[in-house]
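See below for the structure under consideration.
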Amino acid sequence: MASGQYLVPASLFLLCLVSTAVSHSIIQLVSGDRKIRIDDDLYCDSWRFSVETNDAGYWSTVPARCERFVQDYMTGERYLSDSEIVAEDSLAFAKSVEIAGDGRDVWVFDIDETLVSNLAYYEAHGFGSEAFEETTFNSWVDLAEAPALAPSLSLYKELQQLGFKIFLLTGRDEKHRNVTEKNLIYAGFTNWERLILRRPSDEGKPAIVYKSEKRSELEDEGYRIHGSSGDQWSDLLGFAVATRSFKLPNPMYYIS
Ligand SMILES: [Mg+2]
């Protein structure tokens, strides 16, 4: 009986010790003022919110403390789930569009991290925590083995069935046209209306300018751009924007 009386306070003490240790790893008061140090998962989740909403604006690499967080996000269920919701929202809007039947109703897709995934490349390069290296990335592109993002492939096919013409607008160069077409077909994408790549005259233009100009040219041709899908805000903002723009998740890199 006596040992039982001591057992409860002892276990409570242990519980307090553990919970204190856990809470200190999450939030720690610094020098008595209101500044707090937040643990990496919480910080990185907030950082991801900031970059996905474009509040962060330009950023160059994933913070070192968030590499593991981004890895877990990209390779776990969350990335796929987020992508599925984007596709569902896109399809819900697409179904509300009245298709004229004149072949001028358009949906614009970006390619990288929108239709196909380069995750295999980024897995080998720190999930965006390393500085981007064009040479090695182009070697990966030349393989033409980037798989489809499954929710985007489903959306792509459903949009075609609804009567949308699909335009692909990518920051890749013209010199990558053949491997890009090869990769798209490998990944299951077919029957796009046009694949638009950067020409020499587009070199040096920020993506947001280049893509806006290309959308504007489509509008000048009489196309109505109802929807646009991209993993970068520079795919979606600028001028000649779509009626609705759909931002796919990408916490690995930023293109302005
Ligand atoms: Mg992209």
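In the structure tokens, chains take the letters A, B, ... in the order shown, each chain's residues start at 1, and ligands count up from 1 in the order shown.
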
- [ ] Apply DSSP to the backbone of this structure and, from region 79-208 of chain A, keep only the residues in alpha helix (DSSP H); write these as a PyMOL selection string.
- [x] chain A and resi 79-96+119-123+134-143+150-162+177-187+207-208

Export C-alpha atoms of the chosen residues as a short mmCIF file (atom, residue, chain, number, x, y, z; two decimals), in the first residue's frame?
data_model
loop_
_atom_site.label_atom_id
_atom_site.label_comp_id
_atom_site.auth_asym_id
_atom_site.auth_seq_id
_atom_site.Cartn_x
_atom_site.Cartn_y
_atom_site.Cartn_z
CA TYR A 79 2.14 15.92 -51.75
CA LEU A 80 -0.11 13.51 -53.60
CA SER A 81 -3.10 14.52 -51.51
CA ASP A 82 -2.49 18.23 -52.12
CA SER A 83 -2.11 17.56 -55.84
CA GLU A 84 -5.34 15.57 -55.93
CA ILE A 85 -7.27 18.41 -54.33
CA VAL A 86 -5.86 20.88 -56.87
CA ALA A 87 -6.97 18.56 -59.69
CA GLU A 88 -10.43 18.19 -58.14
CA ASP A 89 -10.83 21.96 -57.82
CA SER A 90 -9.66 22.39 -61.40
CA LEU A 91 -12.13 19.84 -62.72
CA ALA A 92 -15.01 21.35 -60.75
CA PHE A 93 -14.32 24.70 -62.40
CA ALA A 94 -13.81 23.13 -65.83
CA LYS A 95 -17.22 21.50 -65.64
CA SER A 96 -18.78 24.91 -65.08
CA LEU A 119 11.29 14.16 -58.02
CA ALA A 120 13.82 11.45 -58.91
CA TYR A 121 16.28 14.17 -59.90
CA TYR A 122 15.65 16.27 -56.81
CA GLU A 123 15.92 13.22 -54.56
CA GLU A 134 21.55 23.30 -65.16
CA THR A 135 23.95 20.75 -66.63
CA THR A 136 22.91 17.84 -64.44
CA PHE A 137 19.23 18.79 -64.69
CA ASN A 138 19.42 18.85 -68.49
CA SER A 139 21.03 15.41 -68.43
CA TRP A 140 18.00 14.23 -66.46
CA VAL A 141 15.62 15.92 -68.91
CA ASP A 142 17.40 14.17 -71.80
CA LEU A 143 16.51 10.81 -70.29
CA ALA A 150 -1.16 11.03 -61.57
CA PRO A 151 -3.83 13.60 -60.57
CA SER A 152 -2.70 15.89 -63.39
CA LEU A 153 -2.82 13.08 -65.94
CA SER A 154 -6.40 12.31 -64.93
CA LEU A 155 -7.32 15.99 -65.10
CA TYR A 156 -5.65 16.33 -68.51
CA LYS A 157 -7.73 13.49 -69.93
CA GLU A 158 -10.97 14.72 -68.36
CA LEU A 159 -10.43 18.22 -69.74
CA GLN A 160 -10.00 16.78 -73.22
CA GLN A 161 -13.24 14.84 -72.83
CA LEU A 162 -15.00 18.03 -71.78
CA ARG A 177 11.37 19.74 -77.90
CA ASN A 178 12.01 16.16 -78.98
CA VAL A 179 12.88 14.80 -75.55
CA THR A 180 9.97 16.72 -74.03
CA GLU A 181 7.50 15.21 -76.50
CA LYS A 182 9.05 11.80 -75.92
CA ASN A 183 8.74 12.22 -72.15
CA LEU A 184 5.14 13.43 -72.32
CA ILE A 185 4.13 10.40 -74.39
CA TYR A 186 6.11 8.10 -72.09
CA ALA A 187 4.16 9.58 -69.17
CA ALA A 207 9.24 33.20 -66.84
CA ILE A 208 6.34 35.42 -65.84
#

- [ ] Could I get the residue neighbourhood of ligand 1 at 7 Å, counting only C-alpha atoms and all ligand atoms, as a PyMOL selection string?
- [x] chain A and resi 110-114+230-232

Task: Within 9 Å of Ile255 (chain A) using only C-alpha atoms, minus same-chain residues under 2 positions, as a PyMOL selection string - done: chain A and resi 58-60+206-208+232-235+253

Could those residues be written to a file, using C-alpha atoms, as a PDB file, in the first residue's frame?
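Output saved as out11.pdb:
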ATOM      1  CA  TYR A  58      11.853  34.998 -54.476  1.00  0.00           C
ATOM      2  CA  TRP A  59      13.805  32.292 -52.644  1.00  0.00           C
ATOM      3  CA  SER A  60      16.821  30.378 -53.899  1.00  0.00           C
ATOM      4  CA  PRO A 206      11.666  36.115 -66.714  1.00  0.00           C
ATOM      5  CA  ALA A 207       9.239  33.204 -66.839  1.00  0.00           C
ATOM      6  CA  ILE A 208       6.341  35.415 -65.838  1.00  0.00           C
ATOM      7  CA  GLN A 232       5.011  28.278 -60.066  1.00  0.00           C
ATOM      8  CA  TRP A 233       3.228  31.566 -59.622  1.00  0.00           C
ATOM      9  CA  SER A 234       5.158  32.738 -62.690  1.00  0.00           C
ATOM     10  CA  ASP A 235       3.158  30.139 -64.651  1.00  0.00           C
ATOM     11  CA  TYR A 253      12.313  25.438 -56.122  1.00  0.00           C
TER      12      TYR A 253
END

TODO: Measure the distance from CA of Arg199 (chain A) to CA of Lys214 (chain A) in Å and round it to one decimal.
DONE: 11.1 Å

TODO: Could you pull out the residues in region 80-149 of chain A that DSSP calls strand (DSSP E) from the backbone, as a list in words?
DONE: Asp105, Val106, Trp107, Val108 and Phe109 of chain A

Next, dump the selected residues to file, keeping only C-alpha atoms, as a short mmCIF file (atom, residue, chain, number, x, y, z; two decimals), in the first residue's frame.
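Contents of the output file again-v3.cif:
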data_model
loop_
_atom_site.label_atom_id
_atom_site.label_comp_id
_atom_site.auth_asym_id
_atom_site.auth_seq_id
_atom_site.Cartn_x
_atom_site.Cartn_y
_atom_site.Cartn_z
CA ASP A 105 -11.76 26.87 -75.41
CA VAL A 106 -8.34 26.34 -73.91
CA TRP A 107 -6.58 25.01 -70.84
CA VAL A 108 -2.88 25.82 -70.41
CA PHE A 109 -0.57 23.46 -68.57
#

Task: Straight-line distance linking CA of Ala242 (chain A) with CA of Thr190 (chain A), stated in Å to one decimal - done: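 Answer for the CA of Ala242 (chain A) to CA of Thr190 (chain A) separation: 22.2 Å.
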
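When CA of Gln71 (chain A) is paired with CA of Asn250 (chain A), their separation reads 11.5 Å.
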
Open item on the list: Could you check the closest approach to Glu130 (chain A) for each of A:Gly188, A:Ser46, A:Ala240, A:Met252 and tell me which residue wins, using only C-alpha atoms?
Closed with: A:Met252

Open item on the list: Let me make sure I understand: among A:Gly171, A:Pro249, A:Gly227, A:Gly163, which one has the smallest atom-to-atom distance to Asp102 (chain A) if we use only C-alpha atoms?
Closed with: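 Using only C-alpha atoms, Asp102 (chain A) sits closest to A:Gly163.
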